[in-house]
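Colleague: First, the structure itself, so that you have it in front of you.
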Amino acid sequence: MRTFPIGGIHPSDNKKWSKDQSIEVLDLPDEVKIPMIQHIGAPSTPLVKKGDKVLTGQVIGQSAGYVSANIHATVSGTVTAVDAYPNGQGQRRLMVVIKREGDEWMPEIDRTPELKRECNLAPEEIVAKVRQAGIVGLGGAQFPTHVKLSIPEGMTAEVLIINGVECEPYLTSDYRNMLERAEMLLVGVEVLMRAVGVKRAVIGVENNKPDAVEHLREVIKRDNYAGIEVMPLQLRYPQGGEKQLIAAVTGRQVPPPPALPISVGAVVCNVSTAIAVYEAVQKNKPLIERVVTITGKELKSTHNFMVRFGTSAESVLALAGGLPDGDVKLLNGGPMMGRAVVDVTAPFIKGCSGITVLSGSEAPRGKELACIKCAKCVAACPMGLEPYLLSRLAKLQRWDDSEEHYNAECIECGCCSYSCPSNLPLLDYIRIGKQMVMSNIRARAAANNKK
Amino acid sequence: MNTLVLTVVTLGVLGILLAIILYFVAQRFKVEEDPRIDEVEKMLPGANCGGCGFAGCRAMSEALVKRDDISALYCPVAGADVMGSVASYLGKAAPEKQPLVATMRCGGSCQKRPKVNHYDGALSCAVVNTFYVGESGCAFGCIGYGDCVHACKFGALELNPETGLVEVDPDKCTACGACVKACPKGLFELRKKWPKNRAVYVACRSKNRGSVVTKVCKAGCIGCGKCVKVCPFGAITVDNFLAYIDPDKCKLCRKCVNECPTGAIHLENMEPLPKEPKTPAAPKATPNVEKSEATNNQ
C-alpha cells in the first residue's frame, strides 16, 4: 500500500466519536454573520448595505482580484449590518449580518434532488462557473479553486487527485461525504476531469476508512465512471497535505517553490470541494453550506452537520449539549492543524471542516526542556526540513538564514512539535519564521516589479 | 633526550623566523586607519545596541569620522553631551536631537482589562500574535509575555506582575528603539523626553469604536474627542476612534487629562490639575496616580 516517502507520524485518529453519525441538515439559523474573507487572497468587497433584501445564493461579496472568491448570502432575509465582528481568533473582520426571513432562493438555482450527470460545458465555462460560485478548497487551506483549475500555459495536467484522506484526527466530514454523497462526488470528479482535461482521476483514501473505499468502488462499478480509481493509502499523518498526497499517489515529488503541483502534472482537490463543484456546475448552486464535524470525547453528543456559513459556533455547539464544564480547548479543525477558538459567537466559514472540543487533560502542554538534538523532528518532518534549526533561527530572528533553510516550505502540519520529547513548541516559532520569510519574499518581488 | 632538545630548538628557531617574516609583512601591508576612529569608539558607550542604525559602535565611529556632515548621526544611548564632545573632538558641528524616551501605550491592566481565556503555549508575544488576539478581549493591548523586556539591552523595561503590563524606567531608557521593533502590537513610541521624566500620552492603541472598547477594557480610548476640544495647542487628533497627542506640540498643560472619561490619558511624574467644580467627578485620577507611583518606586 502506498504512502509518502519521508517523515510523518501516527497520532491516534479518534474518528470513532463521530464517524457513525450521518449528516444532519441543520435548521436554518435566524441570523448569519458572513465574513468577507473566507479564502486565501484579497478580501471580497461587500455589495450590499444595511436594509437590503437578499435571497439565498445571491452574491453579497464580490471577489477582489484573481486570487479571491465571491461570497454568497447563505439565507434569505434583510441585511441588518455590514460591520466588523470578531472571528474565532477574536480578530475583528468585516462581516455582513443577515436576519433570516423565510427561505427564498435565487431562481436559477436547481434545488431538485435528482442527480444530473451529463455535462457538455467547455473547460473555460466550468472554471467560470466555479469562480462565480465562490468555491475554495474545503480541506482547510481555503485556496480559490478556480485558480487551481486554470492550468498555466505550457503545462498539462496528467492526473486529477481527489483528496479523501482526511488524515487530521477527529474529523469525519469528508468521510461522511464519501459515504452519503458518493454519487454527487463522482459526478463532481467527472466535471473536474473535464475542466483540467485529464482522463484519469485517483481518489486517495486512507485505509482507516475501508467502508468508504468499498462504497466508492461499488458506485464507480455500478454507474460506469470511466477513469476514476480509488486508491487506499497507508495510514500516516499528514497524508492529506497536497504535496504528500501527490507523492503518495504518483510517486513524484513537487520541487520547492515557485514550482506548483501542476509542475509534476497533478491537480489536487478535496472531496468536499468536488461535491461543491458538482453543485455549482450542474445545479447552479453557489457554495453556501458544508458538512462540519462537531466532535470531542467530553461532548454529550457528536454530530456531522450540514451548516450554512455564517451560523454561529455557539448555536451549533448547543445542539451537541453545550461545552463541557471546566477548561476546554476549542479548535476550528482538528487537533493537529486546527486553530484555537476564543470566541464562540464567531461564525462558521468555508474552511472550517469541524469543531473539536478537547478537555484540559486531553490537551496538555508539557514543560519545555532543552533541545537534546535527538533529531526526532527532522525524522518526522514530511517536507524534509530541520525544525529544531528553523525554530532556533526564528527565535534569534535570523530571517535570511531561515529563508536559506527553506522555512517557507513548511506546511505547518505540526509533526515536529508532536514528536519532540522535550515538549518544545517548535512549530510556534517556525510559523513566525515562515511569516517573516514570506513577507520578505513578497517585499523583494514588489521591489523587483517596481524596477 | 636528544629528540626533546631537537624539538625545542627546531620550534624555537621556526618561531623566531616566522616572527621576523610576520613583522616585515605587517609593515609592508599595514592598513592606514584614522586613529581618531579608535578614540571616538572609546567615547561611545560600547553597547553595540544598533540604536543609531549602524551594526555597532565601531561602524558608528567610522561613519562619524569619515562623513563631513554628521548631523544625521546620533547615538541615543550616549545622549547630547557625549555627541557634543565627539563633535568637538572631530571639529564638526554637533548633531542636535532632542532626547527621546520609549513609551508603552497600553493602560489595560489585569483589573481594567480582565482575561477571557487561558493561553499555555510558547511564552512569547510574537507567538501569541500569530495565534489570536491575546488573553484579553482587546486586539490592540499589551499581550504581557515580555518580548520587549527581552529585547531591551539596558534593563529599562520590566513586567509588573500586578498590572500585567510592561513599565518603562525613563532613567535607564536610551531610546534605542529595540522595543518598538519587538512589540508585535506596536505599542511603543519614542516620545519627547521632558525634564524630570514628565509625560502626558494616550495609553491606548485601540482603533475600535468606543462601544467595543468599553466591553473589553475600562481604561481604553473611546474616541470621544473631548480632549481635542480642550487642548489649547491643537496637539491632539482623533483618528479611527483613537486620540493621539503629538509630542512636539504638547506643552504638558494637562487639561486633557482631567477631561478624559476613561483615564486613557496618562500623566507621569506630575500632579494633575485641580478639578474644575463644574465638571462631574470622573474616575480619571486613579490610574494616573497608580501609574506615577509605580514609576516613582522604580
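Each chain in the C-alpha cells gets a letter, A, B and so on, in the order shown; residues start at 1 in every chain, and ligands are counted from 1 in the order they appear.
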Write down as an MDAnalysis selection string the residues belonging to segment 36-245 of chain A that are assigned strand (DSSP E) by DSSP computed on the backbone.
Modeller: chainID A and resid 45:46 53:54 59:62 71:72 77:86 92:100 159:163 201:206 228:233
Colleague: Could you list, as a PyMOL selection string, every residue within 12 Å of Ile372 of chain A, counting only C-alpha atoms and ignoring same-chain residues fewer than 5 positions away?
Modeller: chain A and resi 377+388+420-424
Colleague: Generate the output file for the selected residues, N, CA and C atoms, as a JSON list (two decimals), in the first residue's frame.
Modeller:
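Writing done, so here's again-v4.json:
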```json
[["chain", "number", "residue", "atom", "x", "y", "z"],
["A", 377, "CYS", "N", 12.44, 15.45, 15.31],
["A", 377, "CYS", "CA", 11.66, 16.36, 14.49],
["A", 377, "CYS", "C", 12.10, 16.30, 13.03],
["A", 388, "TYR", "N", 14.23, 21.80, 14.35],
["A", 388, "TYR", "CA", 14.93, 22.33, 15.52],
["A", 388, "TYR", "C", 15.73, 23.58, 15.13],
["A", 420, "CYS", "N", 8.46, 16.00, 19.46],
["A", 420, "CYS", "CA", 9.56, 16.49, 20.31],
["A", 420, "CYS", "C", 9.48, 15.92, 21.73],
["A", 421, "PRO", "N", 10.52, 15.20, 22.17],
["A", 421, "PRO", "CA", 10.49, 14.64, 23.53],
["A", 421, "PRO", "C", 10.74, 15.72, 24.60],
["A", 422, "SER", "N", 11.24, 16.89, 24.18],
["A", 422, "SER", "CA", 11.47, 17.97, 25.13],
["A", 422, "SER", "C", 10.31, 18.96, 25.18],
["A", 423, "ASN", "N", 9.20, 18.60, 24.55],
["A", 423, "ASN", "CA", 7.99, 19.44, 24.54],
["A", 423, "ASN", "C", 8.23, 20.84, 24.01],
["A", 424, "LEU", "N", 9.15, 21.00, 23.09],
["A", 424, "LEU", "CA", 9.41, 22.35, 22.58],
["A", 424, "LEU", "C", 8.31, 22.75, 21.59]]
```
Colleague: Output the contact residues of chain B with respect to chain A at a cut-off of 10 Å, based on only C-alpha atoms, as an mmCIF file with N, CA and C atoms, in the first residue's frame.
Modeller:
```cif
data_model
loop_
_atom_site.group_PDB
_atom_site.id
_atom_site.type_symbol
_atom_site.label_atom_id
_atom_site.label_comp_id
_atom_site.auth_asym_id
_atom_site.auth_seq_id
_atom_site.Cartn_x
_atom_site.Cartn_y
_atom_site.Cartn_z
ATOM 1 N N VAL B 116 -9.966 36.723 29.350
ATOM 2 C CA VAL B 116 -11.166 35.966 28.996
ATOM 3 C C VAL B 116 -10.825 34.563 28.521
ATOM 4 N N ASN B 117 -9.548 34.264 28.370
ATOM 5 C CA ASN B 117 -9.171 32.897 28.018
ATOM 6 C C ASN B 117 -7.798 32.623 28.590
ATOM 7 N N HIS B 118 -7.396 31.365 28.534
ATOM 8 C CA HIS B 118 -6.116 30.993 29.125
ATOM 9 C C HIS B 118 -5.196 30.476 28.030
ATOM 10 N N TYR B 119 -3.990 31.016 27.976
ATOM 11 C CA TYR B 119 -3.027 30.626 26.955
ATOM 12 C C TYR B 119 -1.921 29.818 27.600
ATOM 13 N N ASP B 120 -1.558 28.677 27.007
ATOM 14 C CA ASP B 120 -0.464 27.904 27.613
ATOM 15 C C ASP B 120 0.590 27.485 26.601
ATOM 16 N N GLY B 121 0.731 28.278 25.537
ATOM 17 C CA GLY B 121 1.742 27.932 24.542
ATOM 18 C C GLY B 121 3.080 28.571 24.855
ATOM 19 N N ALA B 122 3.884 28.751 23.807
ATOM 20 C CA ALA B 122 5.206 29.347 23.975
ATOM 21 C C ALA B 122 5.053 30.759 24.534
ATOM 22 N N LEU B 123 5.895 31.094 25.525
ATOM 23 C CA LEU B 123 5.757 32.380 26.208
ATOM 24 C C LEU B 123 6.445 33.488 25.416
ATOM 25 N N SER B 124 5.802 33.899 24.350
ATOM 26 C CA SER B 124 6.343 34.958 23.510
ATOM 27 C C SER B 124 5.183 35.709 22.882
ATOM 28 N N ALA B 126 5.159 37.408 20.199
ATOM 29 C CA ALA B 126 5.098 37.200 18.753
ATOM 30 C C ALA B 126 4.345 35.916 18.422
ATOM 31 N N VAL B 127 4.569 34.880 19.238
ATOM 32 C CA VAL B 127 3.874 33.606 19.003
ATOM 33 C C VAL B 127 2.378 33.774 19.269
ATOM 34 N N VAL B 128 2.046 34.416 20.384
ATOM 35 C CA VAL B 128 0.638 34.641 20.712
ATOM 36 C C VAL B 128 -0.043 35.382 19.558
ATOM 37 N N ASN B 129 0.678 36.370 19.040
ATOM 38 C CA ASN B 129 0.109 37.200 17.988
ATOM 39 C C ASN B 129 -0.171 36.416 16.710
ATOM 40 N N THR B 130 0.575 35.321 16.469
ATOM 41 C CA THR B 130 0.266 34.517 15.278
ATOM 42 C C THR B 130 -0.993 33.681 15.494
ATOM 43 N N PHE B 131 -1.317 33.385 16.741
ATOM 44 C CA PHE B 131 -2.490 32.554 17.005
ATOM 45 C C PHE B 131 -3.781 33.363 17.036
ATOM 46 N N TYR B 132 -3.792 34.394 17.872
ATOM 47 C CA TYR B 132 -5.033 35.123 18.099
ATOM 48 C C TYR B 132 -4.747 36.447 18.775
ATOM 49 N N VAL B 133 -5.798 37.107 19.287
ATOM 50 C CA VAL B 133 -5.620 38.469 19.785
ATOM 51 C C VAL B 133 -4.947 38.539 21.151
ATOM 52 N N GLY B 134 -4.983 37.471 21.903
ATOM 53 C CA GLY B 134 -4.387 37.509 23.232
ATOM 54 C C GLY B 134 -5.408 37.128 24.290
ATOM 55 N N GLU B 135 -4.942 37.089 25.527
ATOM 56 C CA GLU B 135 -5.794 36.562 26.589
ATOM 57 C C GLU B 135 -6.936 37.491 26.975
ATOM 58 N N SER B 136 -6.797 38.780 26.704
ATOM 59 C CA SER B 136 -7.923 39.677 26.950
ATOM 60 C C SER B 136 -8.711 39.795 25.651
ATOM 61 N N GLY B 137 -9.835 40.467 25.710
ATOM 62 C CA GLY B 137 -10.625 40.605 24.504
ATOM 63 C C GLY B 137 -10.120 41.681 23.562
ATOM 64 N N CYS B 138 -9.137 42.491 24.022
ATOM 65 C CA CYS B 138 -8.678 43.612 23.214
ATOM 66 C C CYS B 138 -7.607 43.168 22.223
ATOM 67 N N ALA B 139 -7.822 43.488 20.964
ATOM 68 C CA ALA B 139 -6.897 43.065 19.913
ATOM 69 C C ALA B 139 -5.691 43.981 19.800
ATOM 70 N N PHE B 140 -5.673 45.085 20.575
ATOM 71 C CA PHE B 140 -4.600 46.068 20.410
ATOM 72 C C PHE B 140 -3.688 46.158 21.623
ATOM 73 N N ASN B 208 -10.784 50.470 17.756
ATOM 74 C CA ASN B 208 -12.182 50.058 17.743
ATOM 75 C C ASN B 208 -13.074 51.197 18.221
ATOM 76 N N VAL B 212 -17.177 49.099 21.551
ATOM 77 C CA VAL B 212 -16.418 47.847 21.539
ATOM 78 C C VAL B 212 -15.313 47.890 22.590
#
```
Colleague: From the options B:Lys153, B:Arg28, B:Lys92, B:Lys255, which residue's atoms come nearest to Gly46 of chain B, counting only C-alpha atoms?
Modeller: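 Checking each of B:Lys153, B:Arg28, B:Lys92, B:Lys255 against Gly46 of chain B, counting only C-alpha atoms, the winner is B:Lys153.
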Colleague: Write out as a PyMOL selection string the residues lying within 7 Å of Glu158 of chain B, counting only C-alpha atoms and excluding same-chain residues fewer than 4 positions away.
Modeller: chain B and resi 149+166-168
Colleague: Please run DSSP on the backbone and report, as an MDAnalysis selection string, all residues within segment 18-215 of chain B that come out as alpha helix (DSSP H).
Modeller: chainID B and resid 18:28 35:43 57:66 79:90 125:131 147:151 178:182 210:215
Colleague: Got a sec: who's within 9 Å of segment 128-142 of chain A, counting only C-alpha atoms, leaving out chain neighbours fewer than 3 positions off, as a VMD selection string?
Modeller: chain A and resid 38 to 40 57 59 63 68 to 72 123 to 125 145 to 147 163 166 174 240 269 to 273 276 to 277 280 to 281 284 to 288 290 333 338 350 to 353
Colleague: Next, write the just-selected residues to a file, as a tab-separated table (two decimals), in the first residue's frame, keeping N, CA and C atoms as the atom set.
Modeller:
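Below is the file part22.tsv, written as the result:
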```
chain	number	residue	atom	x	y	z
A	38	GLN	N	-13.08	34.62	3.47
A	38	GLN	CA	-13.16	33.21	3.84
A	38	GLN	C	-12.25	32.42	2.91
A	39	HIS	N	-11.18	33.05	2.44
A	39	HIS	CA	-10.31	32.41	1.46
A	39	HIS	C	-8.92	33.00	1.57
A	40	ILE	N	-7.96	32.38	0.92
A	40	ILE	CA	-6.62	32.97	0.82
A	40	ILE	C	-6.68	34.00	-0.29
A	57	GLY	N	-28.17	32.48	-1.89
A	57	GLY	CA	-27.36	32.26	-3.09
A	57	GLY	C	-27.03	33.52	-3.83
A	59	VAL	N	-25.03	36.91	-4.65
A	59	VAL	CA	-23.66	37.36	-4.38
A	59	VAL	C	-23.72	38.60	-3.47
A	63	SER	N	-15.57	39.15	-5.46
A	63	SER	CA	-14.16	38.82	-5.32
A	63	SER	C	-13.31	39.98	-5.80
A	68	SER	N	-9.06	35.38	-5.15
A	68	SER	CA	-10.08	35.86	-4.24
A	68	SER	C	-11.32	35.06	-4.59
A	69	ALA	N	-12.38	35.17	-3.82
A	69	ALA	CA	-13.57	34.37	-4.11
A	69	ALA	C	-14.84	35.15	-3.80
A	70	ASN	N	-15.86	34.90	-4.59
A	70	ASN	CA	-17.17	35.50	-4.33
A	70	ASN	C	-17.74	34.95	-3.03
A	71	ILE	N	-18.55	35.76	-2.37
A	71	ILE	CA	-19.23	35.32	-1.15
A	71	ILE	C	-20.73	35.48	-1.40
A	72	HIS	N	-21.51	34.48	-1.02
A	72	HIS	CA	-22.95	34.49	-1.29
A	72	HIS	C	-23.74	34.53	0.01
A	123	PRO	N	-14.14	23.48	-20.80
A	123	PRO	CA	-13.37	23.68	-19.55
A	123	PRO	C	-13.44	25.12	-19.03
A	124	GLU	N	-13.37	26.11	-19.96
A	124	GLU	CA	-13.39	27.51	-19.50
A	124	GLU	C	-14.72	27.85	-18.83
A	125	GLU	N	-15.80	27.28	-19.40
A	125	GLU	CA	-17.12	27.56	-18.82
A	125	GLU	C	-17.23	26.96	-17.41
A	145	THR	N	-10.57	27.70	-5.80
A	145	THR	CA	-10.45	26.53	-6.66
A	145	THR	C	-10.27	26.90	-8.13
A	146	HIS	N	-10.87	28.03	-8.56
A	146	HIS	CA	-10.74	28.36	-9.98
A	146	HIS	C	-9.29	28.63	-10.37
A	147	VAL	N	-8.47	29.09	-9.41
A	147	VAL	CA	-7.05	29.33	-9.70
A	147	VAL	C	-6.35	28.00	-9.95
A	163	ASN	N	-8.71	14.36	-2.87
A	163	ASN	CA	-8.20	14.15	-1.52
A	163	ASN	C	-9.31	13.68	-0.59
A	166	GLU	N	-8.37	12.71	4.62
A	166	GLU	CA	-8.79	13.19	5.95
A	166	GLU	C	-7.90	12.62	7.04
A	174	ASP	N	-15.37	14.66	5.62
A	174	ASP	CA	-15.10	14.12	4.28
A	174	ASP	C	-15.53	12.66	4.20
A	240	GLY	N	-2.79	14.07	3.96
A	240	GLY	CA	-3.72	14.96	3.26
A	240	GLY	C	-3.08	16.24	2.77
A	269	CYS	N	-7.77	18.15	-5.47
A	269	CYS	CA	-8.99	18.74	-4.92
A	269	CYS	C	-9.50	17.88	-3.80
A	270	ASN	N	-10.10	18.50	-2.82
A	270	ASN	CA	-10.69	17.77	-1.70
A	270	ASN	C	-12.04	17.17	-2.11
A	271	VAL	N	-12.48	16.11	-1.45
A	271	VAL	CA	-13.78	15.51	-1.81
A	271	VAL	C	-14.94	16.48	-1.60
A	272	SER	N	-14.90	17.24	-0.50
A	272	SER	CA	-15.98	18.20	-0.28
A	272	SER	C	-15.99	19.26	-1.36
A	273	THR	N	-14.78	19.65	-1.83
A	273	THR	CA	-14.68	20.63	-2.91
A	273	THR	C	-15.29	20.05	-4.18
A	276	ALA	N	-18.90	20.36	-4.01
A	276	ALA	CA	-19.29	21.76	-4.22
A	276	ALA	C	-19.22	22.10	-5.70
A	277	VAL	N	-18.22	21.57	-6.40
A	277	VAL	CA	-18.09	21.82	-7.84
A	277	VAL	C	-19.27	21.20	-8.57
A	280	ALA	N	-22.20	23.45	-8.04
A	280	ALA	CA	-22.07	24.74	-8.73
A	280	ALA	C	-22.27	24.58	-10.22
A	281	VAL	N	-21.67	23.57	-10.81
A	281	VAL	CA	-21.68	23.44	-12.27
A	281	VAL	C	-22.99	22.83	-12.76
A	284	ASN	N	-26.10	24.94	-10.47
A	284	ASN	CA	-26.00	26.40	-10.30
A	284	ASN	C	-26.04	26.85	-8.84
A	285	LYS	N	-25.69	25.95	-7.93
A	285	LYS	CA	-25.79	26.31	-6.52
A	285	LYS	C	-24.43	26.79	-6.01
A	286	PRO	N	-24.35	28.03	-5.56
A	286	PRO	CA	-23.06	28.51	-5.05
A	286	PRO	C	-22.70	27.85	-3.73
A	287	LEU	N	-21.48	28.09	-3.30
A	287	LEU	CA	-21.01	27.48	-2.06
A	287	LEU	C	-21.59	28.24	-0.87
A	288	ILE	N	-22.64	27.68	-0.25
A	288	ILE	CA	-23.25	28.36	0.89
A	288	ILE	C	-23.32	27.46	2.12
A	290	ARG	N	-21.74	23.53	4.07
A	290	ARG	CA	-20.80	22.42	4.03
A	290	ARG	C	-21.06	21.49	5.21
A	333	GLY	N	-11.23	23.02	13.34
A	333	GLY	CA	-10.46	21.98	12.66
A	333	GLY	C	-10.12	20.89	13.66
A	338	GLY	N	-5.69	22.46	13.56
A	338	GLY	CA	-6.78	23.38	13.88
A	338	GLY	C	-6.30	24.59	14.66
A	350	LYS	N	-16.04	28.91	5.21
A	350	LYS	CA	-15.84	27.86	4.20
A	350	LYS	C	-14.77	26.84	4.59
A	351	GLY	N	-13.72	27.30	5.24
A	351	GLY	CA	-12.60	26.41	5.50
A	351	GLY	C	-12.75	25.58	6.77
A	352	CYS	N	-13.83	25.74	7.50
A	352	CYS	CA	-13.97	25.05	8.78
A	352	CYS	C	-14.59	23.68	8.57
A	353	SER	N	-13.78	22.62	8.71
A	353	SER	CA	-14.31	21.28	8.47
A	353	SER	C	-14.81	20.64	9.75
```
Colleague: Can you list, as number ranges by chain, every protein, DNA or RNA residue that comes within 7 Å of Tyr201 of chain B when you count only C-alpha atoms, leaving out same-chain residues fewer than 4 positions away?
Modeller: B: 245, 265-267
